[in-house]
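Enquirer: Following this line is work-v9.txt, made up of compact mmCIF, C-alpha atoms:
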```
# COMPACT_ATOMS: atom_id res chain seq x y z
CA MET N 1 -110.40 -73.86 179.14
CA VAL N 2 -108.97 -74.01 175.61
CA ASP N 3 -105.64 -72.20 175.38
CA VAL N 4 -103.63 -70.76 172.51
CA GLN N 5 -101.54 -73.92 172.16
CA PHE N 6 -104.67 -75.95 171.45
CA TRP N 7 -105.55 -73.74 168.49
CA LEU N 8 -101.98 -73.80 167.17
CA GLN N 9 -101.90 -77.58 167.40
CA LEU N 10 -105.30 -77.83 165.74
CA ALA N 11 -104.03 -75.56 162.95
CA VAL N 12 -101.11 -77.97 162.41
CA VAL N 13 -103.51 -80.92 162.15
CA LEU N 14 -105.82 -79.12 159.72
CA PHE N 15 -102.90 -77.92 157.60
CA CYS N 16 -101.49 -81.45 157.33
CA LEU N 17 -104.93 -82.85 156.48
CA ALA N 18 -105.34 -80.25 153.74
CA VAL N 19 -101.90 -80.88 152.27
CA GLY N 20 -102.20 -84.65 152.57
CA GLY N 21 -105.70 -84.65 151.10
CA ARG N 22 -104.39 -82.78 148.08
CA PHE N 23 -101.77 -85.41 147.30
CA GLY N 24 -103.53 -88.49 148.69
CA GLY N 25 -102.01 -91.93 149.28
CA VAL N 26 -98.38 -91.74 150.32
CA GLY N 27 -98.68 -87.95 150.46
CA LEU N 28 -101.45 -88.32 153.04
CA GLY N 29 -99.28 -90.58 155.18
CA ALA N 30 -96.26 -88.34 154.81
CA ALA N 31 -98.30 -85.29 155.83
CA GLY N 32 -99.44 -87.21 158.90
CA GLY N 33 -95.87 -88.04 159.85
CA PHE N 34 -94.89 -84.41 159.34
CA GLY N 35 -97.68 -83.30 161.65
CA VAL N 36 -96.75 -85.82 164.33
CA SER N 37 -93.17 -84.55 164.20
CA ILE N 38 -94.30 -80.97 164.79
CA LEU N 39 -96.69 -81.90 167.60
CA VAL N 40 -94.16 -84.10 169.41
CA LEU N 41 -90.86 -82.33 168.74
CA GLY N 42 -92.23 -78.80 168.56
CA PHE N 43 -94.98 -78.83 171.19
CA GLY N 44 -93.74 -81.67 173.36
CA MET N 45 -96.91 -83.73 173.04
CA GLN N 46 -96.84 -87.42 173.84
CA PRO N 47 -97.19 -89.38 170.59
CA GLY N 48 -100.26 -91.54 170.27
CA SER N 49 -100.26 -95.15 169.15
CA PRO N 50 -100.86 -95.89 165.46
CA PRO N 51 -103.76 -98.34 164.81
CA VAL N 52 -101.43 -101.34 164.54
CA SER N 53 -104.22 -103.93 164.53
CA VAL N 54 -106.01 -102.19 161.67
CA LEU N 55 -102.80 -101.82 159.68
CA LEU N 56 -101.98 -105.51 160.08
CA ILE N 57 -105.45 -106.60 158.95
CA ILE N 58 -105.22 -104.38 155.87
CA THR N 59 -101.75 -105.73 155.08
CA ALA N 60 -102.88 -109.35 155.36
CA VAL N 61 -105.95 -108.73 153.18
CA ILE N 62 -103.86 -106.92 150.58
CA ALA N 63 -101.38 -109.80 150.49
CA CYS N 64 -104.16 -112.34 149.92
CA THR N 65 -105.92 -110.28 147.25
CA SER N 66 -102.61 -109.61 145.48
CA VAL N 67 -101.90 -113.32 145.30
CA LEU N 68 -105.41 -113.88 143.92
CA GLN N 69 -104.63 -111.32 141.23
CA GLY N 70 -101.36 -113.11 140.47
CA SER N 71 -103.25 -116.38 139.98
CA GLY N 72 -105.49 -114.75 137.36
CA GLY N 73 -108.50 -114.82 139.67
CA LEU N 74 -109.28 -111.11 139.34
CA ASP N 75 -109.22 -111.27 135.53
CA TYR N 76 -111.57 -114.24 135.73
CA LEU N 77 -114.00 -112.25 137.88
CA VAL N 78 -113.88 -109.25 135.55
CA GLY N 79 -114.64 -111.54 132.60
CA LEU N 80 -117.70 -112.86 134.42
CA ALA N 81 -118.80 -109.31 135.13
CA GLU N 82 -118.60 -108.41 131.45
CA LYS N 83 -120.78 -111.35 130.48
CA LEU N 84 -123.42 -110.38 133.04
CA LEU N 85 -123.48 -106.77 131.87
CA ARG N 86 -124.03 -107.71 128.24
CA LYS N 87 -126.84 -110.10 129.15
CA TRP N 88 -129.32 -107.38 130.23
CA PRO N 89 -128.44 -104.21 128.27
CA ARG N 90 -131.83 -102.52 128.71
CA ALA N 91 -131.51 -102.73 132.50
CA ILE N 92 -127.94 -101.41 132.57
CA ASN N 93 -128.85 -98.56 134.97
CA PHE N 94 -129.43 -101.19 137.65
CA VAL N 95 -127.44 -104.17 136.42
CA GLY N 96 -124.24 -102.12 136.02
CA PRO N 97 -124.08 -100.88 139.64
CA VAL N 98 -125.15 -104.27 141.02
CA VAL N 99 -122.58 -106.27 139.04
CA CYS N 100 -119.75 -103.85 139.79
CA SER N 101 -120.70 -103.85 143.47
CA ILE N 102 -120.88 -107.62 143.82
CA PHE N 103 -117.36 -108.04 142.52
CA VAL N 104 -116.05 -105.26 144.74
CA ILE N 105 -117.76 -106.83 147.75
CA PHE N 106 -116.22 -110.20 147.01
CA VAL N 107 -112.68 -108.99 146.33
CA GLY N 108 -112.61 -106.08 148.78
CA THR N 109 -111.18 -103.41 146.49
CA ALA N 110 -112.87 -101.01 144.09
CA TYR N 111 -110.00 -101.41 141.64
CA VAL N 112 -111.50 -104.65 140.33
CA ALA N 113 -114.44 -102.64 138.97
CA PHE N 114 -112.26 -100.20 137.04
CA ALA N 115 -111.85 -102.68 134.19
CA VAL N 116 -115.64 -103.08 134.03
CA TYR N 117 -116.62 -99.39 133.81
CA PRO N 118 -115.85 -99.07 130.06
CA VAL N 119 -118.14 -102.04 129.43
CA VAL N 120 -120.94 -100.34 131.39
CA ALA N 121 -120.56 -97.21 129.25
CA GLU N 122 -120.50 -99.10 125.95
CA VAL N 123 -123.42 -101.38 126.82
CA ALA N 124 -125.53 -98.36 127.79
CA ALA N 125 -124.65 -96.50 124.59
CA SER N 126 -125.37 -99.52 122.40
CA ALA N 127 -128.77 -99.87 124.09
CA LYS N 128 -129.46 -96.17 123.37
CA ILE N 129 -129.55 -95.41 127.10
CA ARG N 130 -127.89 -92.28 128.42
CA PRO N 131 -124.54 -93.67 129.74
CA GLU N 132 -124.31 -90.97 132.42
CA ARG N 133 -127.01 -92.78 134.39
CA ALA N 134 -125.36 -96.19 134.51
CA VAL N 135 -121.78 -94.93 134.72
CA SER N 136 -122.31 -92.48 137.57
CA ALA N 137 -124.32 -94.96 139.65
CA SER N 138 -121.82 -97.77 138.98
CA VAL N 139 -118.82 -95.70 140.04
CA ILE N 140 -120.50 -94.50 143.25
CA CYS N 141 -121.87 -97.90 144.25
CA ALA N 142 -118.67 -99.77 143.46
CA GLY N 143 -116.58 -97.21 145.33
CA ILE N 144 -118.74 -97.55 148.44
CA GLY N 145 -119.06 -101.32 147.99
CA VAL N 146 -116.16 -101.78 150.40
CA MET N 147 -118.54 -101.05 153.31
CA ALA N 148 -120.29 -104.37 152.60
CA SER N 149 -117.15 -106.38 151.89
CA PRO N 150 -115.61 -108.65 154.54
CA MET N 151 -112.30 -108.31 152.68
CA SER N 152 -111.97 -104.53 152.38
CA ALA N 153 -109.54 -102.26 154.19
CA ALA N 154 -112.46 -100.13 155.36
CA MET N 155 -114.11 -103.17 156.94
CA ALA N 156 -110.79 -104.07 158.54
CA ALA N 157 -110.71 -100.63 160.10
CA MET N 158 -114.28 -100.98 161.36
CA VAL N 159 -113.66 -104.43 162.83
CA GLY N 160 -110.45 -103.23 164.43
CA VAL N 161 -112.33 -100.47 166.24
CA MET N 162 -115.56 -102.28 167.10
CA SER N 163 -114.12 -105.66 168.13
CA ALA N 164 -113.10 -104.10 171.45
CA TYR N 165 -116.81 -103.52 172.13
CA GLY N 166 -117.87 -107.09 171.41
CA TYR N 167 -118.96 -106.66 167.79
CA THR N 168 -117.91 -109.40 165.38
CA LEU N 169 -117.39 -109.21 161.64
CA LEU N 170 -120.77 -110.88 161.14
CA ASP N 171 -122.45 -108.30 163.40
CA ILE N 172 -121.14 -105.45 161.28
CA LEU N 173 -121.99 -107.21 158.02
CA SER N 174 -125.55 -107.87 159.24
CA VAL N 175 -126.02 -104.09 159.23
CA SER N 176 -123.75 -102.91 156.43
CA VAL N 177 -124.85 -105.40 153.74
CA PRO N 178 -128.62 -104.69 153.80
CA THR N 179 -127.88 -101.01 154.29
CA TYR N 180 -125.63 -101.04 151.26
CA PHE N 181 -128.15 -102.61 148.89
CA ILE N 182 -130.96 -100.31 150.03
CA ALA N 183 -128.70 -97.31 149.40
CA LEU N 184 -127.60 -98.80 146.06
CA LEU N 185 -131.23 -98.95 144.93
CA ALA N 186 -131.69 -95.32 145.98
CA ALA N 187 -128.60 -94.27 144.00
CA CYS N 188 -129.81 -96.10 140.89
CA LEU N 189 -133.29 -94.62 141.13
CA SER N 190 -131.88 -91.13 141.60
CA VAL N 191 -130.33 -91.22 138.11
CA ASN N 192 -132.68 -93.59 136.27
CA TRP N 193 -134.54 -90.72 134.59
CA ARG N 194 -131.73 -88.19 134.68
CA GLY N 195 -131.26 -85.88 131.70
CA CYS N 196 -132.68 -86.22 128.23
CA GLU N 197 -132.49 -89.45 126.29
CA LEU N 198 -129.18 -90.18 124.59
CA GLU N 199 -130.27 -89.45 121.03
CA LYS N 200 -131.57 -86.01 122.11
CA ASP N 201 -128.47 -84.96 124.04
CA PRO N 202 -126.78 -81.95 122.33
CA GLU N 203 -123.24 -83.10 123.15
CA PHE N 204 -123.90 -86.58 121.80
CA ILE N 205 -125.45 -85.19 118.62
CA HIS N 206 -122.44 -82.92 118.15
CA ARG N 207 -120.00 -85.81 118.56
CA VAL N 208 -121.89 -87.95 116.05
CA GLN N 209 -122.02 -85.13 113.48
CA THR N 210 -118.30 -84.32 113.84
CA GLY N 211 -117.24 -87.96 113.74
CA GLN N 212 -115.97 -87.98 117.34
CA TYR N 213 -118.33 -90.82 118.19
CA THR N 214 -118.68 -94.03 116.23
CA GLU N 215 -120.71 -96.91 117.59
CA LEU N 216 -118.80 -100.03 118.56
CA HIS N 217 -120.40 -103.22 117.30
CA VAL N 218 -119.40 -105.83 119.83
CA SER N 219 -120.83 -109.30 119.40
CA THR N 220 -121.60 -111.59 122.28
CA THR N 221 -118.77 -113.87 121.21
CA ASP N 222 -116.12 -111.16 121.57
CA HIS N 223 -114.13 -111.28 124.79
CA ILE N 224 -111.70 -108.80 126.22
CA TYR N 225 -110.18 -111.42 128.48
CA LYS N 226 -108.80 -114.80 127.55
CA GLU N 227 -110.41 -118.00 128.73
CA PRO N 228 -109.48 -118.27 132.42
CA SER N 229 -107.06 -120.94 133.48
CA LYS N 230 -107.93 -123.70 135.89
CA GLY N 231 -105.65 -122.05 138.44
CA ALA N 232 -107.63 -118.80 138.26
CA LYS N 233 -110.91 -120.58 139.01
CA ILE N 234 -109.39 -122.58 141.86
CA GLY N 235 -107.81 -119.40 143.24
CA VAL N 236 -111.23 -117.72 143.40
CA LEU N 237 -112.69 -120.79 145.15
CA ILE N 238 -109.90 -120.84 147.76
CA PHE N 239 -110.31 -117.09 148.28
CA ALA N 240 -114.04 -117.58 148.89
CA ILE N 241 -113.34 -120.35 151.39
CA GLY N 242 -110.95 -118.04 153.22
CA ILE N 243 -113.63 -115.36 153.49
CA LEU N 244 -116.22 -117.83 154.79
CA THR N 245 -113.73 -119.18 157.30
CA SER N 246 -113.05 -115.72 158.69
CA ILE N 247 -116.76 -114.94 158.98
CA THR N 248 -117.72 -118.31 160.46
CA ILE N 249 -115.03 -118.52 163.12
CA GLY N 250 -115.13 -114.81 163.85
CA SER N 251 -118.87 -114.86 164.55
CA SER N 252 -118.74 -117.83 166.96
CA GLU N 253 -117.10 -117.60 170.36
CA THR N 254 -117.10 -121.38 170.67
CA LEU N 255 -114.98 -121.79 167.54
CA ARG N 256 -112.35 -119.28 168.60
CA PRO N 257 -109.65 -120.71 170.90
CA SER N 258 -109.16 -119.22 174.35
CA TRP N 259 -106.46 -119.34 177.00
CA GLU N 260 -106.23 -118.68 180.68
CA ILE N 261 -103.80 -115.86 181.40
CA ALA N 262 -103.23 -114.64 184.96
CA GLY N 263 -106.48 -116.25 186.06
CA LYS N 264 -108.53 -114.64 183.26
CA ILE N 265 -109.87 -116.23 180.11
CA SER N 266 -108.50 -114.55 176.97
CA GLN N 267 -110.04 -115.38 173.60
CA LEU N 268 -108.44 -115.07 170.18
CA PRO N 269 -109.14 -111.47 169.01
CA ILE N 270 -111.07 -111.14 165.77
CA PRO N 271 -108.41 -108.90 164.13
CA SER N 272 -105.76 -111.57 164.79
CA LEU N 273 -108.08 -114.23 163.37
CA ILE N 274 -108.58 -112.31 160.12
CA GLN N 275 -104.85 -111.67 159.80
CA MET N 276 -103.85 -115.32 160.15
CA VAL N 277 -106.65 -116.70 157.97
CA MET N 278 -105.90 -114.28 155.14
CA LEU N 279 -102.19 -115.01 155.17
CA ALA N 280 -102.92 -118.73 155.28
CA THR N 281 -105.35 -118.37 152.37
CA ALA N 282 -102.67 -116.55 150.37
CA LEU N 283 -100.23 -119.41 150.89
CA VAL N 284 -102.78 -122.03 149.83
CA ILE N 285 -103.47 -120.08 146.61
CA ILE N 286 -99.74 -119.79 145.94
CA VAL N 287 -99.12 -123.52 146.40
CA VAL N 288 -102.25 -124.95 144.80
CA CYS N 289 -102.41 -122.51 141.86
CA LYS N 290 -98.63 -122.41 141.42
CA VAL N 291 -98.47 -118.63 141.37
CA PRO N 292 -95.01 -117.42 140.19
CA SER N 293 -93.07 -115.51 142.84
CA ASP N 294 -92.77 -112.45 140.59
CA LYS N 295 -96.59 -112.15 140.59
CA PHE N 296 -96.96 -111.91 144.38
CA ALA N 297 -96.52 -108.15 144.60
CA SER N 298 -96.39 -106.95 140.99
CA GLY N 299 -100.10 -106.30 140.49
CA SER N 300 -102.06 -103.08 140.88
CA VAL N 301 -103.81 -104.33 144.03
CA PHE N 302 -100.59 -104.64 146.01
CA ARG N 303 -99.28 -101.23 144.95
CA SER N 304 -102.53 -99.40 145.63
CA GLY N 305 -103.06 -101.30 148.87
CA LEU N 306 -99.61 -100.49 150.20
CA ILE N 307 -100.17 -96.84 149.37
CA GLY N 308 -103.37 -97.01 151.39
CA VAL N 309 -101.55 -98.52 154.36
CA VAL N 310 -99.09 -95.63 154.38
CA GLY N 311 -101.97 -93.14 154.26
CA VAL N 312 -103.80 -94.79 157.17
CA PHE N 313 -100.59 -95.08 159.19
CA GLY N 314 -99.52 -91.45 158.96
CA ILE N 315 -102.76 -89.54 159.15
CA SER N 316 -104.35 -91.70 161.87
CA TRP N 317 -101.18 -91.35 163.96
CA LEU N 318 -101.45 -87.57 163.63
CA THR N 319 -105.11 -87.31 164.60
CA GLY N 320 -104.68 -89.92 167.33
CA THR N 321 -101.84 -87.95 168.90
CA PHE N 322 -103.85 -84.73 168.87
CA PHE N 323 -107.10 -86.25 170.08
CA ASP N 324 -105.52 -88.33 172.85
CA THR N 325 -103.87 -85.20 174.26
CA HIS N 326 -107.04 -83.10 174.13
CA LYS N 327 -109.60 -85.86 174.67
CA ASP N 328 -111.02 -84.21 177.79
CA VAL N 329 -111.58 -80.95 175.93
CA PHE N 330 -113.50 -82.64 173.12
CA VAL N 331 -115.57 -84.72 175.49
CA HIS N 332 -116.39 -81.67 177.63
CA TYR N 333 -117.50 -79.41 174.77
CA PHE N 334 -118.90 -81.81 172.18
CA SER N 335 -120.14 -84.98 173.88
CA ASP N 336 -123.56 -83.52 174.74
CA ILE N 337 -124.01 -82.13 171.23
CA ALA N 338 -123.00 -85.40 169.56
CA SER N 339 -125.19 -87.50 171.86
CA SER N 340 -128.29 -85.31 171.54
CA SER N 341 -127.89 -84.68 167.79
CA PRO N 342 -126.08 -87.58 166.11
CA ILE N 343 -126.93 -86.02 162.74
CA ILE N 344 -124.28 -83.40 163.46
CA PHE N 345 -121.68 -86.12 163.85
CA CYS N 346 -122.85 -87.66 160.56
CA ILE N 347 -122.35 -84.32 158.81
CA VAL N 348 -118.88 -83.98 160.32
CA CYS N 349 -118.02 -87.51 159.11
CA PHE N 350 -119.24 -86.72 155.61
CA CYS N 351 -117.37 -83.42 155.36
CA PHE N 352 -114.18 -84.95 156.74
CA SER N 353 -114.28 -87.91 154.37
CA SER N 354 -114.92 -85.64 151.38
CA VAL N 355 -111.47 -84.08 151.74
CA ILE N 356 -109.54 -87.15 152.91
CA PHE N 357 -110.47 -89.34 149.88
CA SER N 358 -110.16 -92.54 151.91
CA PRO N 359 -113.08 -94.23 153.69
CA THR N 360 -110.55 -96.42 155.51
CA VAL N 361 -108.73 -93.43 156.96
CA SER N 362 -112.03 -91.71 157.79
CA THR N 363 -113.27 -94.83 159.59
CA THR N 364 -110.02 -95.27 161.50
CA ILE N 365 -110.10 -91.68 162.72
CA LEU N 366 -113.78 -90.88 163.19
CA MET N 367 -115.17 -94.03 164.77
CA PRO N 368 -112.89 -93.83 167.86
CA ILE N 369 -113.73 -90.13 168.17
CA GLY N 370 -117.44 -90.95 168.08
CA LEU N 371 -116.97 -93.55 170.81
CA ALA N 372 -115.01 -91.09 172.94
CA LEU N 373 -117.81 -88.54 172.56
CA GLY N 374 -120.24 -91.00 174.06
CA LEU N 375 -121.93 -92.28 170.90
CA SER N 376 -122.85 -95.95 171.12
CA PRO N 377 -121.06 -98.55 168.95
CA GLN N 378 -124.49 -99.61 167.69
CA LEU N 379 -125.17 -96.12 166.37
CA LEU N 380 -121.74 -95.76 164.78
CA VAL N 381 -122.10 -99.04 162.91
CA GLY N 382 -125.49 -97.85 161.68
CA ILE N 383 -124.35 -94.45 160.39
CA TRP N 384 -121.16 -95.78 158.80
CA ALA N 385 -122.35 -94.72 155.32
CA SER N 386 -121.73 -91.09 156.31
CA CYS N 387 -117.97 -91.78 156.14
CA TYR N 388 -118.10 -92.27 152.35
CA GLY N 389 -118.02 -88.73 151.00
CA ASP N 390 -114.87 -89.12 148.90
CA PHE N 391 -116.91 -88.63 145.69
CA VAL N 392 -117.61 -84.94 146.38
CA ILE N 393 -114.34 -83.84 144.78
CA PRO N 394 -113.83 -85.97 141.65
CA GLY N 395 -110.98 -88.46 142.00
CA GLY N 396 -109.32 -90.99 139.73
CA ALA N 397 -112.37 -93.21 139.21
CA GLN N 398 -114.68 -90.30 138.37
CA ILE N 399 -112.20 -88.65 136.03
CA GLY N 400 -111.34 -91.92 134.29
CA CYS N 401 -114.95 -92.98 133.85
CA THR N 402 -115.90 -89.62 132.41
CA ALA N 403 -113.44 -90.39 129.63
CA PHE N 404 -114.85 -93.91 129.22
CA ASP N 405 -118.22 -92.42 128.25
CA ARG N 406 -117.52 -91.62 124.60
CA THR N 407 -120.97 -90.07 124.16
CA GLY N 408 -120.04 -87.12 126.40
CA THR N 409 -123.09 -87.37 128.67
CA THR N 410 -121.02 -88.03 131.81
CA ARG N 411 -119.45 -84.76 132.85
CA LEU N 412 -117.19 -83.32 135.53
CA GLY N 413 -118.81 -79.89 135.23
CA SER N 414 -117.44 -76.37 135.12
CA PHE N 415 -117.16 -76.18 138.89
CA VAL N 416 -115.81 -78.67 141.39
CA PHE N 417 -119.17 -79.90 142.68
CA ASN N 418 -121.51 -79.94 139.66
CA HIS N 419 -120.39 -83.29 138.27
CA SER N 420 -122.43 -86.32 137.23
CA TYR N 421 -121.51 -88.34 140.32
CA MET N 422 -122.85 -85.92 142.94
CA ARG N 423 -126.53 -86.90 142.76
CA PRO N 424 -126.12 -90.69 143.13
CA GLY N 425 -123.44 -90.15 145.75
CA LEU N 426 -125.62 -87.94 147.92
CA ALA N 427 -128.59 -90.27 147.47
CA PHE N 428 -126.46 -93.21 148.58
CA VAL N 429 -125.04 -91.50 151.66
CA VAL N 430 -128.32 -89.96 152.87
CA VAL N 431 -130.41 -93.10 152.38
CA GLY N 432 -127.59 -95.35 153.60
CA THR N 433 -127.12 -93.37 156.81
CA ALA N 434 -130.85 -93.38 157.59
CA ALA N 435 -131.37 -97.02 156.64
CA GLY N 436 -128.24 -98.10 158.50
CA TRP N 437 -129.39 -96.41 161.68
CA PHE N 438 -132.76 -98.16 161.45
CA ILE N 439 -131.30 -101.57 160.64
CA SER N 440 -128.74 -101.32 163.46
CA GLN N 441 -131.61 -100.91 165.94
CA ILE N 442 -132.97 -104.26 164.81
CA MET N 443 -129.81 -106.30 164.18
CA LEU N 444 -127.53 -105.18 167.01
```
Can you turn what I pasted into structure tokens?
Expert:
Amino acid sequence: MVDVQFWLQLAVVLFCLAVGGRFGGVGLGAAGGFGVSILVLGFGMQPGSPPVSVLLIITAVIACTSVLQGSGGLDYLVGLAEKLLRKWPRAINFVGPVVCSIFVIFVGTAYVAFAVYPVVAEVAASAKIRPERAVSASVICAGIGVMASPMSAAMAAMVGVMSAYGYTLLDILSVSVPTYFIALLAACLSVNWRGCELEKDPEFIHRVQTGQYTELHVSTTDHIYKEPSKGAKIGVLIFAIGILTSITIGSSETLRPSWEIAGKISQLPIPSLIQMVMLATALVIIVVCKVPSDKFASGSVFRSGLIGVVGVFGISWLTGTFFDTHKDVFVHYFSDIASSSPIIFCIVCFCFSSVIFSPTVSTTILMPIGLALGLSPQLLVGIWASCYGDFVIPGGAQIGCTAFDRTGTTRLGSFVFNHSYMRPGLAFVVVGTAAGWFISQIML
């Protein structure tokens, strides 16, 4: 029987989620810590355990990616992306999302695509294609690209949860990668014929007539980024080798060392493998590419990544404490519903992620809850796309990219939900959830 204390404690959790979601990042983590304090000190609940393994994987990946940025590797990748985008301007509605996504998948963070979004907008405008189509699809696909990246914090969270059930990094990628590209195609198609053509758009016509828009004539020989150094290219190569090493060893039980402890064979856990390989890769990049010490943690990747760690730490500790205490209640009332109608759990995941603004946090919290409710790991890996609803309320990427579109076709709308990114986002999540479920039945 659910008592009054349960509802009071739930109210504390929901309040902290609402406040933390408003501020995001460090504010999300701080709100989680505040909630834990109230639950433990005020209600006497036993504190849960933060997802230490997940946090350590994210930290190691952030360290490696930050060093790659310090070597100039990220700038090199962005330069390559720009060249690819300008090569096929008439197909920008598809090329833009694909190029942005590939670089996000390789690096593991959507921030690498932020420098490419203005190029997508300008290439579309110069080709007389409505930029809203390419920009909205690119932002959505790049933002969700972390679900197909072996180096992302979201993947680290998924591996940290699913490794206890025998799923390797390669197992998860075998589902998430094909799912991702099927959903990407759906997102691109959903906007390919959206709105009137650029030269007929009233806002664009107004901007041209008032002088607010002037076409940029950019030749193919113009470059935003300088010619990459040898160290930048080598850094990218070492980074790629590190990724392949993690996937190869992590997917083979024979390659992972094992020990006999108290008469039982214990094998190297996959989270520990990823942590050590990523840190080792970071050191090799530092030594071989001669990365200055002041570049280790001065880039945007390290700052944004550390903020994400704080958010995951605080809010997952809060929800873990609450759910561990009332696990029997949730299992009793909701396990049958979740098992018989998994679509309901998908909707809950989507709604939760839309106010948390962090797929990593959503994955860390919701996947263990799904397992506790009796949903199979196979199913949860398949419906992972439902945890990527952070586009519903426009965030930094959506707001920034709206400004990048100088033609005015990409809009945030008069209301919260009627923005240019909603259609490709919904198309991605719906198709990705359905396709992921189907693919997981085959691959896992």
Enquirer: List as a PDB file with C-alpha atoms, in the frame of the given file the protein and nucleic acid residues near segment 396-401 of chain N, meaning an atom at most 12 Å away when all atoms listed in the file are counted, but skip any in the same chain fewer than 2 places from it.
Expert:
```
ATOM      1  CA  GLY N  24    -103.530 -88.490 148.690  1.00  0.00           C
ATOM      2  CA  ALA N 110    -112.870-101.010 144.090  1.00  0.00           C
ATOM      3  CA  TYR N 111    -110.000-101.410 141.640  1.00  0.00           C
ATOM      4  CA  VAL N 112    -111.500-104.650 140.330  1.00  0.00           C
ATOM      5  CA  ALA N 113    -114.440-102.640 138.970  1.00  0.00           C
ATOM      6  CA  PHE N 114    -112.260-100.200 137.040  1.00  0.00           C
ATOM      7  CA  ALA N 115    -111.850-102.680 134.190  1.00  0.00           C
ATOM      8  CA  VAL N 116    -115.640-103.080 134.030  1.00  0.00           C
ATOM      9  CA  TYR N 117    -116.620 -99.390 133.810  1.00  0.00           C
ATOM     10  CA  PRO N 118    -115.850 -99.070 130.060  1.00  0.00           C
ATOM     11  CA  VAL N 119    -118.140-102.040 129.430  1.00  0.00           C
ATOM     12  CA  VAL N 120    -120.940-100.340 131.390  1.00  0.00           C
ATOM     13  CA  ALA N 121    -120.560 -97.210 129.250  1.00  0.00           C
ATOM     14  CA  GLU N 122    -120.500 -99.100 125.950  1.00  0.00           C
ATOM     15  CA  PRO N 131    -124.540 -93.670 129.740  1.00  0.00           C
ATOM     16  CA  GLU N 132    -124.310 -90.970 132.420  1.00  0.00           C
ATOM     17  CA  ALA N 134    -125.360 -96.190 134.510  1.00  0.00           C
ATOM     18  CA  VAL N 135    -121.780 -94.930 134.720  1.00  0.00           C
ATOM     19  CA  SER N 136    -122.310 -92.480 137.570  1.00  0.00           C
ATOM     20  CA  ALA N 137    -124.320 -94.960 139.650  1.00  0.00           C
ATOM     21  CA  SER N 138    -121.820 -97.770 138.980  1.00  0.00           C
ATOM     22  CA  VAL N 139    -118.820 -95.700 140.040  1.00  0.00           C
ATOM     23  CA  ILE N 140    -120.500 -94.500 143.250  1.00  0.00           C
ATOM     24  CA  CYS N 141    -121.870 -97.900 144.250  1.00  0.00           C
ATOM     25  CA  ALA N 142    -118.670 -99.770 143.460  1.00  0.00           C
ATOM     26  CA  GLY N 143    -116.580 -97.210 145.330  1.00  0.00           C
ATOM     27  CA  PHE N 357    -110.470 -89.340 149.880  1.00  0.00           C
ATOM     28  CA  ASP N 390    -114.870 -89.120 148.900  1.00  0.00           C
ATOM     29  CA  PHE N 391    -116.910 -88.630 145.690  1.00  0.00           C
ATOM     30  CA  VAL N 392    -117.610 -84.940 146.380  1.00  0.00           C
ATOM     31  CA  ILE N 393    -114.340 -83.840 144.780  1.00  0.00           C
ATOM     32  CA  PRO N 394    -113.830 -85.970 141.650  1.00  0.00           C
ATOM     33  CA  ALA N 403    -113.440 -90.390 129.630  1.00  0.00           C
ATOM     34  CA  PHE N 404    -114.850 -93.910 129.220  1.00  0.00           C
ATOM     35  CA  ASP N 405    -118.220 -92.420 128.250  1.00  0.00           C
ATOM     36  CA  ARG N 406    -117.520 -91.620 124.600  1.00  0.00           C
ATOM     37  CA  THR N 407    -120.970 -90.070 124.160  1.00  0.00           C
ATOM     38  CA  GLY N 408    -120.040 -87.120 126.400  1.00  0.00           C
ATOM     39  CA  THR N 409    -123.090 -87.370 128.670  1.00  0.00           C
ATOM     40  CA  THR N 410    -121.020 -88.030 131.810  1.00  0.00           C
ATOM     41  CA  ARG N 411    -119.450 -84.760 132.850  1.00  0.00           C
ATOM     42  CA  LEU N 412    -117.190 -83.320 135.530  1.00  0.00           C
ATOM     43  CA  GLY N 413    -118.810 -79.890 135.230  1.00  0.00           C
ATOM     44  CA  VAL N 416    -115.810 -78.670 141.390  1.00  0.00           C
ATOM     45  CA  HIS N 419    -120.390 -83.290 138.270  1.00  0.00           C
ATOM     46  CA  SER N 420    -122.430 -86.320 137.230  1.00  0.00           C
ATOM     47  CA  TYR N 421    -121.510 -88.340 140.320  1.00  0.00           C
ATOM     48  CA  MET N 422    -122.850 -85.920 142.940  1.00  0.00           C
ATOM     49  CA  GLY N 425    -123.440 -90.150 145.750  1.00  0.00           C
TER      50      GLY N 425
END
```
Enquirer: Could you check which of N:Ala11, N:Ile274, N:Cys351, N:Gly305 is closest to Thr109 of chain N, using only C-alpha atoms?
Expert: N:Gly305
Enquirer: Check the smallest atom-to-atom distance from each of N:Ser71, N:Thr210, N:Ser339, N:Asn93 to Leu189 of chain N using all atoms listed in the file, then report the winner.
Expert: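 When distances to Leu189 of chain N are compared using all atoms listed in the file, the smallest one comes from N:Asn93.
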Enquirer: Can you measure atom CA of Ala154 of chain N to atom CA of Asp336 of chain N for me? One decimal in Å is fine.
Expert: 27.8 Å
Enquirer: Residues at most 12 Å from Val331 of chain N, counting only C-alpha atoms, excluding those fewer than 6 positions away in the same chain, as a ChimeraX atom specification?
Expert: /N:323-325,337-339,369-375
Enquirer: Any chance you can output those residues with C-alpha atoms as a short mmCIF file (atom, residue, chain, number, x, y, z; two decimals), in the frame of the given file?
Expert:
```
data_model
loop_
_atom_site.label_atom_id
_atom_site.label_comp_id
_atom_site.auth_asym_id
_atom_site.auth_seq_id
_atom_site.Cartn_x
_atom_site.Cartn_y
_atom_site.Cartn_z
CA PHE N 323 -107.10 -86.25 170.08
CA ASP N 324 -105.52 -88.33 172.85
CA THR N 325 -103.87 -85.20 174.26
CA ILE N 337 -124.01 -82.13 171.23
CA ALA N 338 -123.00 -85.40 169.56
CA SER N 339 -125.19 -87.50 171.86
CA ILE N 369 -113.73 -90.13 168.17
CA GLY N 370 -117.44 -90.95 168.08
CA LEU N 371 -116.97 -93.55 170.81
CA ALA N 372 -115.01 -91.09 172.94
CA LEU N 373 -117.81 -88.54 172.56
CA GLY N 374 -120.24 -91.00 174.06
CA LEU N 375 -121.93 -92.28 170.90
#
```
